[in-house]
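S.K.: One file is attached below, upload23.cif, containing mmCIF, C-alpha atoms.
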```cif
data_run
#
loop_
_atom_site.label_atom_id
_atom_site.label_comp_id
_atom_site.auth_asym_id
_atom_site.auth_seq_id
_atom_site.Cartn_x
_atom_site.Cartn_y
_atom_site.Cartn_z
CA MET A 26 0.00 0.00 0.00
CA SER A 27 1.19 3.50 -0.76
CA LYS A 28 2.11 5.39 2.39
CA GLY A 29 1.15 8.71 0.77
CA ILE A 30 -2.62 8.23 0.79
CA LYS A 31 -5.31 6.53 2.82
CA ILE A 32 -7.64 4.50 0.65
CA ASP A 33 -10.85 4.42 2.64
CA GLU A 34 -14.60 4.47 1.79
CA ALA A 35 -14.63 8.25 1.37
CA PHE A 36 -11.77 8.04 -1.10
CA ILE A 37 -13.38 5.23 -3.14
CA LYS A 38 -16.73 7.08 -3.22
CA ARG A 39 -15.05 10.24 -4.56
CA ALA A 40 -13.01 8.21 -7.07
CA LYS A 41 -16.20 6.56 -8.41
CA GLU A 42 -17.87 10.01 -8.72
CA LEU A 43 -14.78 11.18 -10.62
CA VAL A 44 -15.24 8.37 -13.20
CA THR A 45 -19.00 9.00 -13.48
CA ASN A 46 -18.53 12.74 -14.00
CA ALA A 47 -15.72 12.14 -16.51
CA GLU A 48 -17.99 9.80 -18.56
CA LEU A 49 -20.73 12.43 -18.50
CA GLY A 50 -18.20 15.08 -19.63
CA LYS A 51 -18.80 17.30 -16.55
CA ASP A 52 -15.45 19.19 -16.64
CA GLU A 53 -16.12 21.43 -13.63
CA GLU A 54 -17.03 18.52 -11.36
CA VAL A 55 -14.07 16.45 -12.58
CA LYS A 56 -11.67 19.30 -11.79
CA SER A 57 -13.16 19.88 -8.33
CA ILE A 58 -13.05 16.17 -7.37
CA LEU A 59 -9.45 15.88 -8.64
CA ASP A 60 -8.39 18.85 -6.48
CA GLU A 61 -10.07 17.26 -3.49
CA LEU A 62 -8.28 13.92 -4.05
CA ILE A 63 -4.88 15.66 -4.42
CA THR A 64 -5.45 17.54 -1.14
CA MET A 65 -6.26 14.23 0.57
CA LYS A 66 -3.01 12.77 -0.72
CA GLU A 67 -0.92 15.79 0.30
CA THR A 68 -2.33 15.92 3.83
CA SER A 69 -1.46 12.28 4.35
CA LEU A 70 2.03 12.81 2.91
CA PHE A 71 2.75 15.79 5.16
CA GLN A 72 1.68 13.81 8.17
CA GLU A 73 4.13 11.04 7.28
CA LEU A 74 6.89 13.55 6.62
CA GLY A 75 6.21 15.29 9.92
CA LYS A 76 6.51 12.03 11.81
CA LEU A 77 9.74 11.14 10.05
CA THR A 78 11.25 14.55 10.80
CA ARG A 79 10.35 14.21 14.44
CA ASP A 80 11.95 10.76 14.63
CA VAL A 81 15.16 11.96 13.01
CA HIS A 82 15.26 14.95 15.34
CA GLU A 83 14.75 12.75 18.41
CA THR A 84 17.50 10.40 17.29
CA PHE A 85 19.97 13.22 16.77
CA LYS A 86 19.06 14.62 20.15
CA ALA A 87 19.70 11.22 21.73
CA PHE A 88 23.06 10.99 19.95
CA ARG A 89 24.06 14.39 21.23
CA THR A 90 23.05 13.74 24.79
CA ASP A 91 24.53 10.25 24.93
CA SER A 92 27.66 10.75 26.99
CA ARG A 93 29.39 7.88 25.25
CA ILE A 94 29.47 9.79 21.97
CA THR A 95 31.15 12.72 23.67
CA GLU A 96 33.51 10.33 25.38
CA LEU A 97 34.41 8.74 22.07
CA ALA A 98 35.01 12.07 20.41
CA GLU A 99 36.68 14.11 23.14
CA GLY A 100 37.38 11.72 25.99
CA GLY A 101 40.69 10.09 26.73
CA GLY A 102 40.07 7.12 24.45
CA MET A 103 41.07 8.28 21.00
CA ALA A 104 43.65 10.78 22.21
CA ASP A 105 45.24 8.09 24.38
CA ALA A 106 45.35 5.65 21.49
CA LYS A 107 47.11 8.21 19.30
CA GLU A 108 49.62 9.05 22.08
CA ARG A 109 50.33 5.38 22.59
CA LEU A 110 50.81 4.61 18.92
CA HIS A 111 53.08 7.63 18.49
CA TYR A 112 55.16 6.33 21.36
CA VAL A 113 55.32 2.92 19.70
CA VAL A 114 56.69 4.61 16.56
CA THR A 115 59.29 6.42 18.69
CA MET A 116 60.31 3.27 20.54
CA THR A 117 60.65 1.13 17.42
CA GLN A 118 62.66 3.90 15.79
CA GLN A 119 64.97 4.12 18.81
CA ALA A 120 65.41 0.35 18.92
CA ALA A 121 66.22 0.21 15.20
CA ASP A 122 68.66 3.13 15.51
CA ALA A 123 70.38 1.57 18.52
CA THR A 124 70.67 -1.77 16.73
CA MET A 125 72.03 -0.24 13.53
CA GLY A 126 74.52 1.86 15.52
CA GLN A 127 75.85 -1.19 17.36
CA ILE A 128 76.14 -3.15 14.10
CA GLU A 129 78.00 -0.30 12.40
CA ASP A 130 80.43 -0.16 15.33
CA ALA A 131 80.88 -3.93 15.27
CA ILE A 132 81.63 -4.30 11.56
CA PRO A 133 85.13 -2.65 11.64
CA LEU A 134 86.08 -4.97 14.52
CA CYS A 135 85.10 -8.03 12.48
CA GLU A 136 86.99 -6.63 9.51
CA SER A 137 90.10 -6.08 11.62
CA ILE A 138 89.98 -9.64 13.00
CA THR A 139 89.40 -11.11 9.53
CA GLY A 140 92.22 -9.04 7.97
CA GLY A 141 94.67 -9.98 10.74
CA THR A 142 93.89 -13.70 10.61
CA SER A 143 94.20 -13.85 6.77
CA GLU A 144 97.63 -12.23 6.92
CA LEU A 145 98.85 -14.45 9.75
CA LEU A 146 97.49 -17.58 8.09
CA SER A 147 99.60 -17.08 4.97
CA SER A 148 102.75 -16.34 7.06
CA TRP A 149 102.03 -19.37 9.24
CA GLU A 150 101.67 -21.51 6.11
CA ARG A 151 105.15 -20.47 4.95
CA PHE A 152 106.57 -21.15 8.42
CA THR A 153 105.16 -24.72 8.58
CA GLN A 154 106.63 -25.38 5.13
CA LYS A 155 110.01 -24.18 6.42
CA GLN A 156 110.12 -21.32 3.96
CA MET A 157 110.79 -18.70 6.61
CA ALA A 158 114.09 -17.23 7.66
CA ALA A 159 114.88 -16.84 11.39
CA ASP A 160 114.68 -13.02 11.26
CA GLU A 161 111.33 -13.12 9.57
CA PHE A 162 110.04 -15.58 12.15
CA ARG A 163 111.06 -13.28 15.01
CA GLN A 164 109.08 -10.53 13.27
CA LEU A 165 106.12 -12.91 12.83
CA SER A 166 106.06 -13.79 16.49
CA LYS A 167 105.95 -10.06 17.39
CA THR A 168 103.11 -9.49 14.89
CA LEU A 169 101.29 -12.52 16.30
CA LYS A 170 101.46 -11.18 19.84
CA VAL A 171 100.12 -7.76 18.78
CA PHE A 172 97.33 -9.41 16.82
CA LEU A 173 96.29 -11.75 19.62
CA GLU A 174 96.10 -8.84 22.04
CA SER A 175 93.99 -6.72 19.73
CA ALA A 176 91.78 -9.67 18.71
CA ASN A 177 91.20 -10.39 22.39
CA ASN A 178 90.08 -6.79 22.98
CA ASP A 179 88.07 -6.64 19.76
CA SER A 180 86.10 -9.77 20.57
CA LYS A 181 85.28 -8.44 24.04
CA THR A 182 84.02 -5.20 22.45
CA LEU A 183 82.09 -7.26 19.89
CA MET A 184 80.46 -9.18 22.72
CA SER A 185 79.28 -5.95 24.32
CA HIS A 186 77.87 -4.73 20.96
CA LEU A 187 75.96 -8.02 20.67
CA ASN A 188 74.61 -7.57 24.19
CA GLU A 189 73.47 -4.04 23.38
CA ILE A 190 71.73 -5.33 20.25
CA MET A 191 69.99 -7.96 22.36
CA MET A 192 68.87 -5.43 24.99
CA ALA A 193 67.50 -3.14 22.26
CA GLN A 194 65.04 -5.93 21.36
CA SER A 195 63.17 -5.39 24.63
CA TYR A 196 61.17 -2.82 22.65
CA GLN A 197 59.15 -5.76 21.31
CA ASP A 198 57.76 -6.57 24.76
CA LEU A 199 57.08 -2.94 25.67
CA THR A 200 55.51 -1.86 22.37
CA GLY A 201 53.60 -5.15 22.29
CA GLN A 202 51.98 -4.30 25.63
CA ILE A 203 51.13 -0.79 24.42
CA ILE A 204 49.61 -2.06 21.16
CA LEU A 205 47.54 -4.66 23.05
CA LYS A 206 46.12 -1.78 25.11
CA VAL A 207 45.15 0.09 21.92
CA ILE A 208 43.49 -3.05 20.52
CA LYS A 209 41.49 -3.27 23.74
CA LEU A 210 40.49 0.39 23.34
CA VAL A 211 39.30 -0.21 19.77
CA GLU A 212 37.22 -3.14 21.02
CA ASP A 213 35.63 -0.92 23.69
CA ILE A 214 34.78 1.73 21.09
CA GLU A 215 33.27 -0.98 18.88
CA ASP A 216 31.08 -2.11 21.79
CA ASP A 217 29.96 1.47 22.45
CA LEU A 218 29.10 2.03 18.80
CA ILE A 219 27.03 -1.14 18.75
CA SER A 220 25.09 0.10 21.79
CA LEU A 221 24.50 3.40 20.01
CA ILE A 222 23.20 1.73 16.87
CA LYS A 223 20.84 -0.22 19.08
CA LEU A 224 19.72 2.97 20.81
CA SER A 225 19.11 4.85 17.57
CA SER A 226 17.12 2.00 16.03
CA LYS A 227 14.76 2.21 19.02
CA HIS A 228 14.34 5.94 18.59
CA LEU A 229 13.33 5.42 14.99
CA GLY A 230 10.54 3.15 16.21
CA GLN A 231 12.11 0.08 14.69
CA GLU A 232 11.88 -2.22 17.69
CA ILE A 233 11.12 -4.89 15.12
CA ILE A 234 14.82 -4.85 14.20
CA SER A 235 15.96 -5.84 17.65
CA ASP A 236 13.06 -8.30 18.08
CA SER A 237 14.21 -10.24 15.06
CA LEU A 238 17.81 -10.47 16.23
CA ASP A 239 19.13 -13.59 17.85
CA GLU A 240 21.87 -14.34 20.40
CA ASN A 241 24.63 -14.30 17.85
CA ASP A 242 23.68 -10.98 16.38
CA PRO A 243 25.80 -8.14 17.75
CA LEU A 244 22.69 -5.95 17.97
CA SER A 245 20.49 -8.20 20.06
CA ASP A 246 19.80 -7.42 23.71
CA SER A 247 21.28 -10.60 25.17
CA SER A 248 24.31 -10.36 22.95
CA LEU A 249 24.84 -6.76 24.03
CA LYS A 250 24.62 -7.73 27.66
CA LYS A 251 27.09 -10.52 27.10
CA GLN A 252 29.49 -8.15 25.38
CA SER A 253 29.30 -5.52 28.06
CA SER A 254 29.98 -8.05 30.79
CA GLU A 255 32.94 -9.33 28.80
CA ALA A 256 34.10 -5.74 28.46
CA ASP A 257 33.74 -5.29 32.22
CA ASN A 258 35.89 -8.35 32.80
CA LYS A 259 38.51 -7.04 30.42
CA LYS A 260 38.43 -3.65 32.12
CA ARG A 261 39.05 -5.24 35.48
CA LYS A 262 41.90 -7.26 34.09
CA SER A 263 43.60 -4.40 32.30
CA SER A 264 43.67 -2.09 35.29
CA LEU A 265 47.44 -2.52 35.06
CA ASP A 266 49.08 0.46 33.43
CA GLY A 267 51.75 -1.34 31.46
CA PRO A 268 54.74 0.52 30.03
CA VAL A 269 54.88 4.22 30.86
CA VAL A 270 53.80 6.33 27.87
CA PRO A 271 55.05 9.93 28.08
CA GLY A 272 52.13 12.34 28.43
CA LEU A 273 49.78 9.64 29.70
CA ILE A 274 51.16 9.07 33.17
CA ASP A 275 49.67 9.86 36.52
CA GLU A 276 52.83 11.49 37.84
CA ALA A 277 51.75 11.39 41.46
CA GLU A 278 51.24 7.63 41.36
CA THR A 279 53.87 6.50 38.86
CA LEU A 280 57.53 6.13 39.74
CA ALA A 281 60.08 7.58 37.36
CA GLY A 282 62.31 4.53 37.05
CA GLN A 283 64.41 1.86 38.73
CA ASP A 284 66.02 4.34 41.18
CA GLU A 285 62.66 5.50 42.55
CA VAL A 286 61.46 1.89 42.73
CA ASP A 287 64.58 1.01 44.72
CA ASP A 288 64.01 3.97 47.04
CA LEU A 289 60.40 2.99 47.67
CA LEU A 290 61.36 -0.64 48.35
CA SER A 291 64.15 0.32 50.70
CA SER A 292 61.73 2.60 52.59
CA LEU A 293 59.58 -0.54 52.96
CA GLY A 294 62.54 -2.37 54.49
CA PHE A 295 63.90 -4.08 51.37
CA MET B 92 75.22 -18.37 45.18
CA ASN B 93 74.95 -21.66 43.31
CA LYS B 94 75.47 -21.07 39.57
CA ASP B 95 73.83 -24.40 38.78
CA MET B 96 70.53 -23.46 40.36
CA LYS B 97 67.48 -23.99 38.18
CA ILE B 98 65.78 -20.73 37.22
CA LEU B 99 62.21 -20.42 35.86
CA ILE B 100 61.67 -17.40 33.57
CA VAL B 101 57.99 -16.39 33.15
CA ASP B 102 56.99 -13.76 30.57
CA ASP B 103 54.31 -13.75 27.86
CA PHE B 104 56.69 -12.14 25.33
CA SER B 105 59.21 -14.66 24.02
CA THR B 106 61.69 -11.90 23.12
CA MET B 107 61.86 -10.85 26.76
CA ARG B 108 62.29 -14.47 27.90
CA ARG B 109 65.21 -14.87 25.48
CA ILE B 110 66.79 -11.61 26.66
CA ILE B 111 66.58 -12.65 30.31
CA LYS B 112 67.82 -16.15 29.48
CA ASN B 113 70.86 -14.74 27.63
CA LEU B 114 71.63 -12.23 30.38
CA LEU B 115 71.48 -15.02 32.97
CA ARG B 116 73.80 -17.14 30.82
CA ASP B 117 76.27 -14.22 30.74
CA LEU B 118 76.11 -14.18 34.54
CA GLY B 119 76.92 -17.89 34.59
CA PHE B 120 73.41 -19.28 35.09
CA THR B 121 72.81 -21.79 32.33
CA ASN B 122 70.13 -23.94 33.95
CA THR B 123 66.94 -22.14 32.89
CA VAL B 124 63.39 -23.10 31.95
CA GLU B 125 60.63 -20.90 30.54
CA ALA B 126 56.87 -20.43 30.85
CA ASP B 127 54.61 -17.87 29.18
CA ASP B 128 52.28 -17.08 32.09
CA GLY B 129 51.34 -18.08 35.61
CA THR B 130 49.10 -20.89 34.47
CA THR B 131 51.88 -22.65 32.56
CA ALA B 132 54.45 -21.80 35.25
CA LEU B 133 52.54 -23.50 38.08
CA PRO B 134 52.89 -27.12 36.87
CA ILE B 135 56.63 -26.52 36.35
CA LEU B 136 56.95 -25.15 39.89
CA ASN B 137 54.84 -27.94 41.34
CA ALA B 138 56.97 -30.55 39.58
CA GLY B 139 59.81 -29.37 41.83
CA GLY B 140 63.48 -28.58 41.27
CA ILE B 141 63.12 -24.83 40.61
CA ASP B 142 65.40 -22.72 42.82
CA PHE B 143 64.63 -19.19 41.62
CA LEU B 144 61.65 -17.58 39.90
CA VAL B 145 61.93 -14.56 37.57
CA THR B 146 58.49 -13.35 36.50
CA ASP B 147 56.71 -10.60 34.58
CA TRP B 148 53.55 -9.11 36.12
CA ASN B 149 51.08 -8.39 33.31
CA MET B 150 50.36 -11.65 31.49
CA PRO B 151 47.23 -13.30 30.09
CA GLY B 152 45.89 -16.18 32.15
CA MET B 153 47.49 -15.98 35.56
CA GLN B 154 49.38 -12.78 36.28
CA GLY B 155 52.77 -12.57 37.96
CA ILE B 156 51.41 -11.13 41.20
CA ASP B 157 48.98 -14.05 41.55
CA LEU B 158 51.79 -16.49 40.76
CA LEU B 159 53.88 -14.87 43.53
CA LYS B 160 50.98 -15.12 46.02
CA HIS B 161 50.47 -18.74 45.05
CA VAL B 162 54.17 -19.51 45.61
CA ARG B 163 54.15 -17.83 49.03
CA ALA B 164 50.99 -19.73 50.04
CA ASP B 165 52.38 -23.13 49.04
CA ASP B 166 54.36 -24.88 51.78
CA LYS B 167 56.68 -26.55 49.31
CA LEU B 168 57.43 -23.33 47.39
CA SER B 169 57.03 -20.57 49.97
CA THR B 170 60.74 -19.88 50.53
CA MET B 171 61.63 -19.63 46.85
CA PRO B 172 63.25 -16.29 45.91
CA VAL B 173 61.13 -14.38 43.40
CA LEU B 174 62.35 -11.52 41.19
CA MET B 175 59.73 -9.49 39.36
CA VAL B 176 60.71 -7.94 36.01
CA THR B 177 57.85 -5.78 34.76
CA ALA B 178 56.79 -2.55 33.06
CA GLU B 179 54.39 -1.81 35.95
CA GLN B 180 55.77 1.07 37.96
CA LYS B 181 52.86 2.45 39.91
CA ARG B 182 53.54 3.05 43.58
CA GLU B 183 50.60 0.93 44.75
CA GLN B 184 51.66 -2.00 42.59
CA ILE B 185 55.21 -2.02 43.93
CA ILE B 186 53.80 -1.91 47.45
CA GLU B 187 51.44 -4.78 46.59
CA ALA B 188 54.37 -6.84 45.26
CA ALA B 189 56.40 -6.05 48.38
CA GLN B 190 53.53 -7.07 50.63
CA ALA B 191 53.08 -10.28 48.66
CA GLY B 192 56.70 -11.10 49.47
CA VAL B 193 58.67 -10.33 46.32
CA ASN B 194 62.48 -10.46 46.77
CA GLY B 195 63.40 -8.00 44.02
CA TYR B 196 61.65 -5.69 41.58
CA ILE B 197 63.03 -4.54 38.22
CA VAL B 198 61.19 -2.15 35.89
CA LYS B 199 61.44 -2.53 32.13
CA PRO B 200 63.36 -1.45 30.19
CA PHE B 201 66.30 -2.54 32.34
CA THR B 202 70.02 -3.09 31.87
CA ALA B 203 72.23 -6.16 32.31
CA ALA B 204 73.88 -4.38 35.25
CA THR B 205 70.52 -3.91 37.03
CA LEU B 206 69.67 -7.59 36.64
CA LYS B 207 73.06 -8.60 38.06
CA GLU B 208 72.78 -6.15 40.95
CA LYS B 209 69.30 -7.37 41.98
CA ILE B 210 70.21 -11.06 41.73
CA ASP B 211 73.39 -10.48 43.77
CA LYS B 212 71.38 -8.63 46.41
CA ILE B 213 68.71 -11.33 46.66
CA PHE B 214 71.27 -14.11 47.17
CA GLU B 215 73.48 -12.05 49.49
CA ARG B 216 70.50 -11.83 51.84
CA ILE B 217 69.63 -15.50 51.48
CA ASP B 218 73.21 -16.78 51.81
CA GLY B 219 74.13 -14.27 54.51
#
```
Represent the supplied structure as structure tokens.

M.R.:
Amino acid sequence: MSKGIKIDEAFIKRAKELVTNAELGKDEEVKSILDELITMKETSLFQELGKLTRDVHETFKAFRTDSRITELAEGGGMADAKERLHYVVTMTQQAADATMGQIEDAIPLCESITGGTSELLSSWERFTQKQMAADEFRQLSKTLKVFLESANNDSKTLMSHLNEIMMAQSYQDLTGQIILKVIKLVEDIEDDLISLIKLSSKHLGQEIISDSLDENDPLSDSSLKKQSSEADNKKRKSSLDGPVVPGLIDEAETLAGQDEVDDLLSSLGF
Amino acid sequence: MNKDMKILIVDDFSTMRRIIKNLLRDLGFTNTVEADDGTTALPILNAGGIDFLVTDWNMPGMQGIDLLKHVRADDKLSTMPVLMVTAEQKREQIIEAAQAGVNGYIVKPFTAATLKEKIDKIFERIDG
């Protein structure tokens, strides 16, 4: 049925009169009945339009007054997520720079060890084949001593570069924890948006939508309840702050580093 | 301090477990085992033979603080030294760990020197 007009007895009666008058060639009557029918249609249409406008207005009002929308837009959530991800970029950059720096410092040491051993190997070869004069051997043994000393130092330095490279990889744990927090935040926002969609569908008088939804549908009542209780559980669990992100710390409650932790523990008798 | 003691390293990030394992090896401790959270650590602890526990705090499943409380509440494990290595550095959390009976607390990111210092301190107290 067309929503624009109500087909009732009055309408059918007038429509029949329209046909009768048209067959009789009564122009004036035809025109007057037509005008009347059009007015009937328009009135009905305006009523529909009015209702629709009111619904839309109510929905927008609900959106504006729903604190969750404001929270999503202005609240800590999004800003925090951006801060955290920026810090992840900084940390990964620092870790990559540190690693590359250590590698670049280590390469000349490897080159020096390789160069020294190649040279000594060929001299040693000549010595074992008895192709070396006594003077030259005395020189070789001096060179050997110098090389062994420097190789000993170089390999110690190399070891420390390798350790630094290893320590730089701790960024993976710290950024991982930060990213997991952002994922959690995105999940929370998703839950909130689903609740909003549910809310707005009610305002538009479409309860039928939610009635037809089942357990598995993200918009159904029971599913929403399930999700929010899951979200509550997650919230409880993630009350831990994780790695300190600059700009997002509660300075009064967060210690600045190992030294402050040590001080606090020693004040507690540790 | 016995360098052959068996150390259990618990952290959900494998990179961090490897870092700690390598640092311990540098310090002369080669007898290490790993677990990725409290839930997987418990059966290893209950099986016996672990002398020292190094654990993260924030992990899925059972968290480090609950693992520590469990260790302290278990007659067979209660005297085991526990070192916490974590990114959590809120005052109340450090106090909670102290009250639960942690022996040392290291915040991430940390250095090899810090790890050595804390382990030395823990065993100085135990041995002395």

S.K.: Could you give me, as JSON, numbers by chain, the residues that have an atom at most 12 Å away from the point (70.1, 1.5, 15.3) in the coordinates of the file, using all atoms listed in the file?

M.R.: {"A": [116, 117, 118, 119, 120, 121, 122, 123, 124, 125, 126, 127, 128, 129, 130, 186, 189, 190, 191, 192, 193, 194]}

S.K.: When you draw a straight line from atom CA of B:Asn194 to atom CA of B:Val176, how long is it in Å?

M.R.: 11.2 Å

S.K.: Apply the PyMOL selection byres ((chain B) within 7 of (chain A)) to the displayed file and report the matching residues as a PDB file with C-alpha atoms, keeping the file's coordinate frame.

M.R.:
```
ATOM      1  CA  PHE B 104      56.690 -12.140  25.330  1.00  0.00           C
ATOM      2  CA  THR B 106      61.690 -11.900  23.120  1.00  0.00           C
ATOM      3  CA  MET B 107      61.860 -10.850  26.760  1.00  0.00           C
ATOM      4  CA  ILE B 110      66.790 -11.610  26.660  1.00  0.00           C
ATOM      5  CA  ALA B 178      56.790  -2.550  33.060  1.00  0.00           C
ATOM      6  CA  GLU B 179      54.390  -1.810  35.950  1.00  0.00           C
ATOM      7  CA  GLN B 180      55.770   1.070  37.960  1.00  0.00           C
ATOM      8  CA  LYS B 181      52.860   2.450  39.910  1.00  0.00           C
ATOM      9  CA  ARG B 182      53.540   3.050  43.580  1.00  0.00           C
ATOM     10  CA  ILE B 197      63.030  -4.540  38.220  1.00  0.00           C
ATOM     11  CA  VAL B 198      61.190  -2.150  35.890  1.00  0.00           C
ATOM     12  CA  PRO B 200      63.360  -1.450  30.190  1.00  0.00           C
TER      13      PRO B 200
END
```

S.K.: Distance atom CA of A:Leu43-atom CA of A:Val55, one decimal place?

M.R.: 5.7 Å

S.K.: Could you tell me which residues the PyMOL selection byres ((chain B and resi 211) around 12) grabs in this file, written as a PyMOL selection string?

M.R.: chain B and resi 92-94+115+118+172+174+194-195+204-210+212-219

S.K.: Skipping near chain neighbours, those fewer than 3 positions away, what residues fall within 12 Å of A:Phe152 using all atoms listed in the file, listed as a PDB file with C-alpha atoms, in the coordinates of the input?

M.R.:
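Output below, filename selection04.pdb:
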```pdb
ATOM      1  CA  LEU A 145      98.850 -14.450   9.750  1.00  0.00           C
ATOM      2  CA  LEU A 146      97.490 -17.580   8.090  1.00  0.00           C
ATOM      3  CA  SER A 147      99.600 -17.080   4.970  1.00  0.00           C
ATOM      4  CA  SER A 148     102.750 -16.340   7.060  1.00  0.00           C
ATOM      5  CA  TRP A 149     102.030 -19.370   9.240  1.00  0.00           C
ATOM      6  CA  LYS A 155     110.010 -24.180   6.420  1.00  0.00           C
ATOM      7  CA  GLN A 156     110.120 -21.320   3.960  1.00  0.00           C
ATOM      8  CA  MET A 157     110.790 -18.700   6.610  1.00  0.00           C
ATOM      9  CA  ALA A 158     114.090 -17.230   7.660  1.00  0.00           C
ATOM     10  CA  ALA A 159     114.880 -16.840  11.390  1.00  0.00           C
ATOM     11  CA  ASP A 160     114.680 -13.020  11.260  1.00  0.00           C
ATOM     12  CA  GLU A 161     111.330 -13.120   9.570  1.00  0.00           C
ATOM     13  CA  PHE A 162     110.040 -15.580  12.150  1.00  0.00           C
ATOM     14  CA  ARG A 163     111.060 -13.280  15.010  1.00  0.00           C
ATOM     15  CA  GLN A 164     109.080 -10.530  13.270  1.00  0.00           C
ATOM     16  CA  LEU A 165     106.120 -12.910  12.830  1.00  0.00           C
ATOM     17  CA  SER A 166     106.060 -13.790  16.490  1.00  0.00           C
TER      18      SER A 166
END
```

S.K.: Taking all listed atoms of stretch 117-132 of chain A, build the axis-aligned box, pad each of the six sides by 3 Å, then write its centre and edge lengths in Å to one decimal as lines of an AutoDock Vina configuration file.

M.R.:
```
center_x = 71.1
center_y = -0.1
center_z = 15.2
size_x = 27.0
size_y = 14.4
size_z = 13.4
```
